[in-house]
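Participant: Quick one: structure below, then a few questions.
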Amino acid sequence: MSDPLTTNEPDVKGISTKPRDVKRTPPGPDAEDIIICRAVHKWFGELHVLNDINITVKHGEVLVIAGPSGSGKSTWIRTINRLEEHQRGDIIIDGIELTNDIRNIAAIRSEIGMVFQQFNLFPHLTVMNNITLGPIRVRKVRREEAEERAMQLLNRVGIPEQALKYPAQLSGGQQQRVAIARALAMDPKIMLFDEPTSALDPEMISEVLDVMRELAESGMTMLVVTHEMGFAKAAADRMVFFDYGQIVETGTPEQIFENPQHDRTKLFLSQILTH
Amino acid sequence: MSDDPQMTTGTPQPAEELRPPATEVGVLGWLNHNLFSSKLNGILSIVLGVIVALVIWGLAQWAVLDARWDVITDNMRLFLVGRYPPEEIWRVWLTLTLLSATTGLSAGSSGIGSVRMLAIMLTAGQLMLAALILVSGLGIVASLALVFGAGVVYATMLAAQRYPVRRLWISLGWLATTIAGVLLLAGLGDATPLPSVSTNIWGGLLLTMVLSVAGILLSFPLGVALAVGRRSRLPVVRVVSTTYIELIRAVPLITVLFMAQFLFPLVLPEGLRIDNVIRAIGGITLFSAAYVAENVRGGLQAIPTGQHEAAFAIGLRTWQTTVFIVLPQALRITIPANVGLFISLLKDTTLAYIIGLLEILGIGRAVLANPDYLGTQFEVYLFVAVVFFVLSYTLSQASYRLEKELGIGER
């Protein structure tokens, strides 16, 4: 497996020891496809929210998904770990097809970490217990081991001193970094980010984006729904532009920003970049 | 001012601190704000003050000069334990002492303020009872036993503060205390050193406590299970839970108690007789569980879907999500509602007189039926009211402490 989180020597600084300015080599054509979506459709009642989504994501690829609100981008990444059910088409994650089979769903969810717009930390648990709950209850890791790993992750996201606090005692940016650590504690192969900085005060956005950029450089497969175009330019291998439940355009960030093909993409970019 | 050296160095001089006007703080301030903030309020305060003073004066005069407190002191044993045999009454005090030890142990080990509060209340309660027993001439031994119990609470609490006991052992301690308490109170059999004491003759405060503590401890888990069941994805579980809750909530407690008393024996096989007190506990439990369930359901619904999603996203199963994520939060936010319910359960145990059980109010009525105590209704009911007030207030204060303590992680 090319998962750097599990293969790396777990030292206190984690993989942040890697030089940060080195741009990861883009995944070659021989890299294994980790997410395959074929003709995926989904409806909310009468509303056609995902309309014929066809896309494959390779190991280690960083995908930024942009588009107007209500365009289906969040819904799409939520179908990847089955928080939303798709109604037609196939989704295959790391060789496992997403069906109603509960065992498949559990297996897939344990391989996918997710970071939410509203953090969704468990308010009744300390930061430490938020992070160790999954490893202890799902992976059956011993508590001491899980806590050691949690401290490594807290170091990696830069807030080891907050381990014994409750989420409500942290700032928004700190909470989101805990949420990232919580997701990473399960050693996921894929990380989903659903507008991770949209609920943050402006001065806290960069601390979260820094963590995400470092994660991208470490070789994690990431699907990021965001309006942070700076992050997209710096970290994305590929951008996907959603509108009306369809993928309107895909391409490298350079292609999308400098030479958007589609009118809707141009309009969206002009709206988001001019203020 | 230019000769001021502080000005030349640019250090700002601290402004002189002025005292707030005398009419804003202290006793005067309080009076000004709360009683005499306007002319109308001033007049109202004076009129009400006079009325309150007159009432208190009248009450005090009655309590000291006219009241026949002998109705309470003469019947103190009845009020406390009903017709529990006097020669076996030590078993009640011993149970209380056991309870004291376990409570002290929990309070000292956990350091949780609400548990400590309960321990303090248990100490105070036993001291109060000891005083009551002393003035009633029920025997210096009983009184000393209660003082000893109060001391045990404190001694175990201090000991456990120094040498905390593991939570597992405390849980086992509570289990052992419960079993030992039931065996002590009910007895092992007539040939043993602990002859059986039929629950039919339990009464007074003892019965009130047994009914309400058992009712609370049993209805809570049942209610939580029903609340989770009502939101289950399995249709059978959901329909059964919902039907139960709606049926029970549609009838008054009295009918449930009557059913427990008269219908269960008809349904049960011949020869299997269920004890009166157990029937009453059953009725109270079945009744309260439905209300606990609705309180908890409200709490469950208040948990945002994001919590479920986050739990699923780290791979927790549905039951794990319920047990580790949703229930702890839901139970916390329903503490005020549930404690309110338990306080009313405590007072509803008085309905047990309907099925012939003489809890403390029942004893009061029985005492009043005695021609010797004609015209002492006020004394008796006032005494019963004070007992209920002390118990309810203890519960509500403990819950208030608990809420505050659990508030640490509030979003």
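How things are named: the first chain in the structure tokens is A, the next is B, and so on; residues count from 1 in each chain; ligands count from 1 in the order shown.
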Which chain A residues are at most 8 Å from chain B (counting only C-alpha atoms), as a list in words?

Facilitator: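 So the residues of chain A near chain B are Asn81, Leu83, Ala106, Ala107, Arg109, Ser110, Ile112, Gly113, Met114, Phe116, Gln118, Asn120, Leu121, Phe122, Pro123, His124, Leu125, Thr126, Gly134, Arg137, Val138, Tyr166, Pro167, Ala168, Gln169, Ala183 and Met186 of chain A.
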
Participant: Could you go through stretch 177-380 of chain B and tell me which residues DSSP, when run on the backbone, assigns to helix (DSSP H, G or I), listing them as number ranges by chain?

Facilitator: B: 177-186, 199-201, 204-230, 235-249, 253-267, 276-302, 305-313, 318-333, 335-355, 360-368, 371-373, 377-380

Participant: At a cut-off of 6 Å, using only C-alpha atoms, what residues contact A:Arg38? Leave out same-chain residues fewer than 6 positions from it and give the result as a PyMOL selection string.

Facilitator: chain A and resi 54+89-90

Participant: Just to confirm, what's the straight-line distance from atom CA of A:Asp52 to atom CA of A:Phe242 in Å (one decimal)?

Facilitator: 11.7 Å

Participant: Counting only C-alpha atoms, what is within 7 Å of A:Ile53, bar same-chain residues fewer than 3 positions away, as a short mmCIF file (atom, residue, chain, number, x, y, z; two decimals) with all heavy atoms, in the first residue's frame?

Facilitator:
data_model
loop_
_atom_site.label_atom_id
_atom_site.label_comp_id
_atom_site.auth_asym_id
_atom_site.auth_seq_id
_atom_site.Cartn_x
_atom_site.Cartn_y
_atom_site.Cartn_z
N CYS A 37 -16.32 6.12 -9.69
CA CYS A 37 -17.75 6.39 -9.75
C CYS A 37 -18.19 6.21 -11.19
O CYS A 37 -17.62 6.82 -12.10
CB CYS A 37 -18.06 7.82 -9.30
SG CYS A 37 -17.83 8.06 -7.55
N ARG A 38 -19.19 5.36 -11.39
CA ARG A 38 -19.67 5.12 -12.75
C ARG A 38 -21.15 5.43 -12.82
O ARG A 38 -21.96 4.79 -12.14
CB ARG A 38 -19.43 3.66 -13.15
CG ARG A 38 -18.01 3.39 -13.61
CD ARG A 38 -17.93 2.07 -14.35
NE ARG A 38 -18.25 0.96 -13.48
CZ ARG A 38 -17.35 0.07 -13.05
NH1 ARG A 38 -16.09 0.15 -13.44
NH2 ARG A 38 -17.70 -0.91 -12.27
N ALA A 39 -21.51 6.44 -13.58
CA ALA A 39 -22.91 6.79 -13.85
C ALA A 39 -23.73 6.87 -12.56
O ALA A 39 -24.78 6.25 -12.44
CB ALA A 39 -23.54 5.78 -14.82
N VAL A 40 -23.21 7.63 -11.58
CA VAL A 40 -23.89 7.72 -10.29
C VAL A 40 -25.01 8.76 -10.35
O VAL A 40 -24.81 9.89 -10.81
CB VAL A 40 -22.89 8.09 -9.18
CG1 VAL A 40 -23.61 8.37 -7.87
CG2 VAL A 40 -21.87 6.97 -9.00
N HIS A 41 -26.18 8.35 -9.92
CA HIS A 41 -27.33 9.26 -9.84
C HIS A 41 -27.88 9.25 -8.43
O HIS A 41 -27.85 8.23 -7.75
CB HIS A 41 -28.45 8.80 -10.78
CG HIS A 41 -28.14 8.98 -12.22
ND1 HIS A 41 -28.57 10.06 -12.94
CD2 HIS A 41 -27.42 8.21 -13.07
CE1 HIS A 41 -28.13 9.95 -14.19
NE2 HIS A 41 -27.43 8.82 -14.30
N LEU A 50 -27.64 14.39 -8.01
CA LEU A 50 -26.42 13.91 -8.67
C LEU A 50 -26.85 13.32 -10.01
O LEU A 50 -27.68 12.42 -10.05
CB LEU A 50 -25.69 12.85 -7.84
CG LEU A 50 -25.04 13.32 -6.53
CD1 LEU A 50 -24.35 12.16 -5.84
CD2 LEU A 50 -24.05 14.44 -6.80
N GLN A 246 -24.14 18.02 -11.82
CA GLN A 246 -23.28 17.40 -12.83
C GLN A 246 -21.85 17.88 -12.67
O GLN A 246 -21.61 18.97 -12.15
CB GLN A 246 -23.76 17.79 -14.24
CG GLN A 246 -25.09 17.21 -14.59
CD GLN A 246 -25.65 17.86 -15.83
OE1 GLN A 246 -25.68 19.08 -15.94
NE2 GLN A 246 -26.06 17.04 -16.77
N ILE A 247 -20.91 17.06 -13.18
CA ILE A 247 -19.54 17.54 -13.27
C ILE A 247 -19.45 18.32 -14.58
O ILE A 247 -19.59 17.76 -15.66
CB ILE A 247 -18.55 16.37 -13.26
CG1 ILE A 247 -18.59 15.68 -11.88
CG2 ILE A 247 -17.14 16.87 -13.55
CD1 ILE A 247 -17.65 14.52 -11.75
#

Participant: Pick out the closest residue to A:Asn51 from this set: A:Asp187, A:Asp243, A:Asp94, A:Glu111. Count only C-alpha atoms.

Facilitator: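 Counting only C-alpha atoms, the residue closest to A:Asn51 is A:Asp243.
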
Participant: Find the distance between atom CA of A:Leu209 and atom CA of A:Val248 and write it in Å to one decimal.

Facilitator: 25.7 Å

Participant: Go through A:Met229, A:Ala236, A:Ile92, A:Ile159 one by one, measure the shortest atom-to-atom distance of each to A:Phe268 using only C-alpha atoms, and give the residue with the smallest value.

Facilitator: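 Ranking A:Met229, A:Ala236, A:Ile92, A:Ile159 by distance to A:Phe268, first place goes to A:Met229.
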
Participant: I'd like the neighbourhood of B:Leu395 as a PyMOL selection string, where a residue qualifies if any of its atoms comes within 9 Å (using only C-alpha atoms), though same-chain residues fewer than 6 positions away should be ignored.

Facilitator: chain B and resi 118+339-340+342-343

Participant: Residues of the last selection are to be written out with N, CA and C atoms, as a CSV table (one decimal), in the first residue's frame.

Facilitator:
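Contents of the output file selection16.csv:
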chain,number,residue,atom,x,y,z
B,118,LEU,N,-25.0,14.5,48.0
B,118,LEU,CA,-25.9,13.5,48.5
B,118,LEU,C,-25.4,13.0,49.9
B,339,VAL,N,-35.2,14.8,36.7
B,339,VAL,CA,-35.2,15.0,38.1
B,339,VAL,C,-36.6,15.5,38.6
B,340,GLY,N,-37.1,16.4,37.7
B,340,GLY,CA,-38.5,16.9,38.0
B,340,GLY,C,-39.5,15.7,38.1
B,342,PHE,N,-38.7,12.6,38.8
B,342,PHE,CA,-38.5,11.8,40.0
B,342,PHE,C,-39.0,12.4,41.2
B,343,ILE,N,-39.0,13.8,41.3
B,343,ILE,CA,-39.5,14.4,42.4
B,343,ILE,C,-41.0,14.2,42.5

Participant: Pick the closest to B:Val367 from B:Ser45, B:Asn276, B:Thr242, B:Asn75: which is it, counting only C-alpha atoms?

Facilitator: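 The closest residue to B:Val367 is B:Asn75.
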
Participant: Could you pull the residues within 10 Å of B:Leu257, counting only C-alpha atoms, minus those fewer than 3 positions along the same chain, as a list in words?

Facilitator: Pro252, Leu253, Ile254, Ala260, Gln261, Phe262, Leu263, Arg279, Ala280, Ile281, Gly282, Gly283, Ile284, Leu286, Phe287, Leu351, Ala352, Ile354 and Ile355 of chain B

Participant: Write the residues of the preceding selection, restricted to C-alpha atoms, as a PDB file, in the first residue's frame.

Facilitator:
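Output contents, as saved in part.pdb:
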ATOM      1  CA  PRO B 252     -53.685   8.050  35.590  1.00  0.00           C
ATOM      2  CA  LEU B 253     -51.233   6.474  38.045  1.00  0.00           C
ATOM      3  CA  ILE B 254     -54.089   5.375  40.284  1.00  0.00           C
ATOM      4  CA  ALA B 260     -51.020  -3.867  39.596  1.00  0.00           C
ATOM      5  CA  GLN B 261     -53.027  -4.670  42.691  1.00  0.00           C
ATOM      6  CA  PHE B 262     -56.062  -6.451  41.296  1.00  0.00           C
ATOM      7  CA  LEU B 263     -55.389  -7.475  37.712  1.00  0.00           C
ATOM      8  CA  ARG B 279     -46.715  -4.748  43.040  1.00  0.00           C
ATOM      9  CA  ALA B 280     -46.694  -1.084  43.990  1.00  0.00           C
ATOM     10  CA  ILE B 281     -43.070  -0.716  42.839  1.00  0.00           C
ATOM     11  CA  GLY B 282     -44.031  -2.470  39.602  1.00  0.00           C
ATOM     12  CA  GLY B 283     -46.929  -0.108  39.018  1.00  0.00           C
ATOM     13  CA  ILE B 284     -44.895   3.019  39.776  1.00  0.00           C
ATOM     14  CA  LEU B 286     -44.196   0.927  34.619  1.00  0.00           C
ATOM     15  CA  PHE B 287     -45.899   4.299  34.920  1.00  0.00           C
ATOM     16  CA  LEU B 351     -51.024   7.134  46.190  1.00  0.00           C
ATOM     17  CA  ALA B 352     -49.927   3.734  47.481  1.00  0.00           C
ATOM     18  CA  ILE B 354     -55.073   3.439  47.658  1.00  0.00           C
ATOM     19  CA  ILE B 355     -53.851  -0.144  47.582  1.00  0.00           C
TER      20      ILE B 355
END

Participant: To one decimal place, how far is atom CA of B:Ser212 from atom CA of B:Ala330 in Å?

Facilitator: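 Rounded to one decimal, the two atoms are 23.5 Å apart.
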
Participant: I'd like the contact shell of A:Thr132 - 12 Å cut-off, only C-alpha atoms, skipping same-chain residues fewer than 5 positions apart - returned as a VMD selection string.

Facilitator: (chain A and resid 122 125 to 127 137 to 154 163 178 to 179 181 to 187) or (chain B and resid 314)
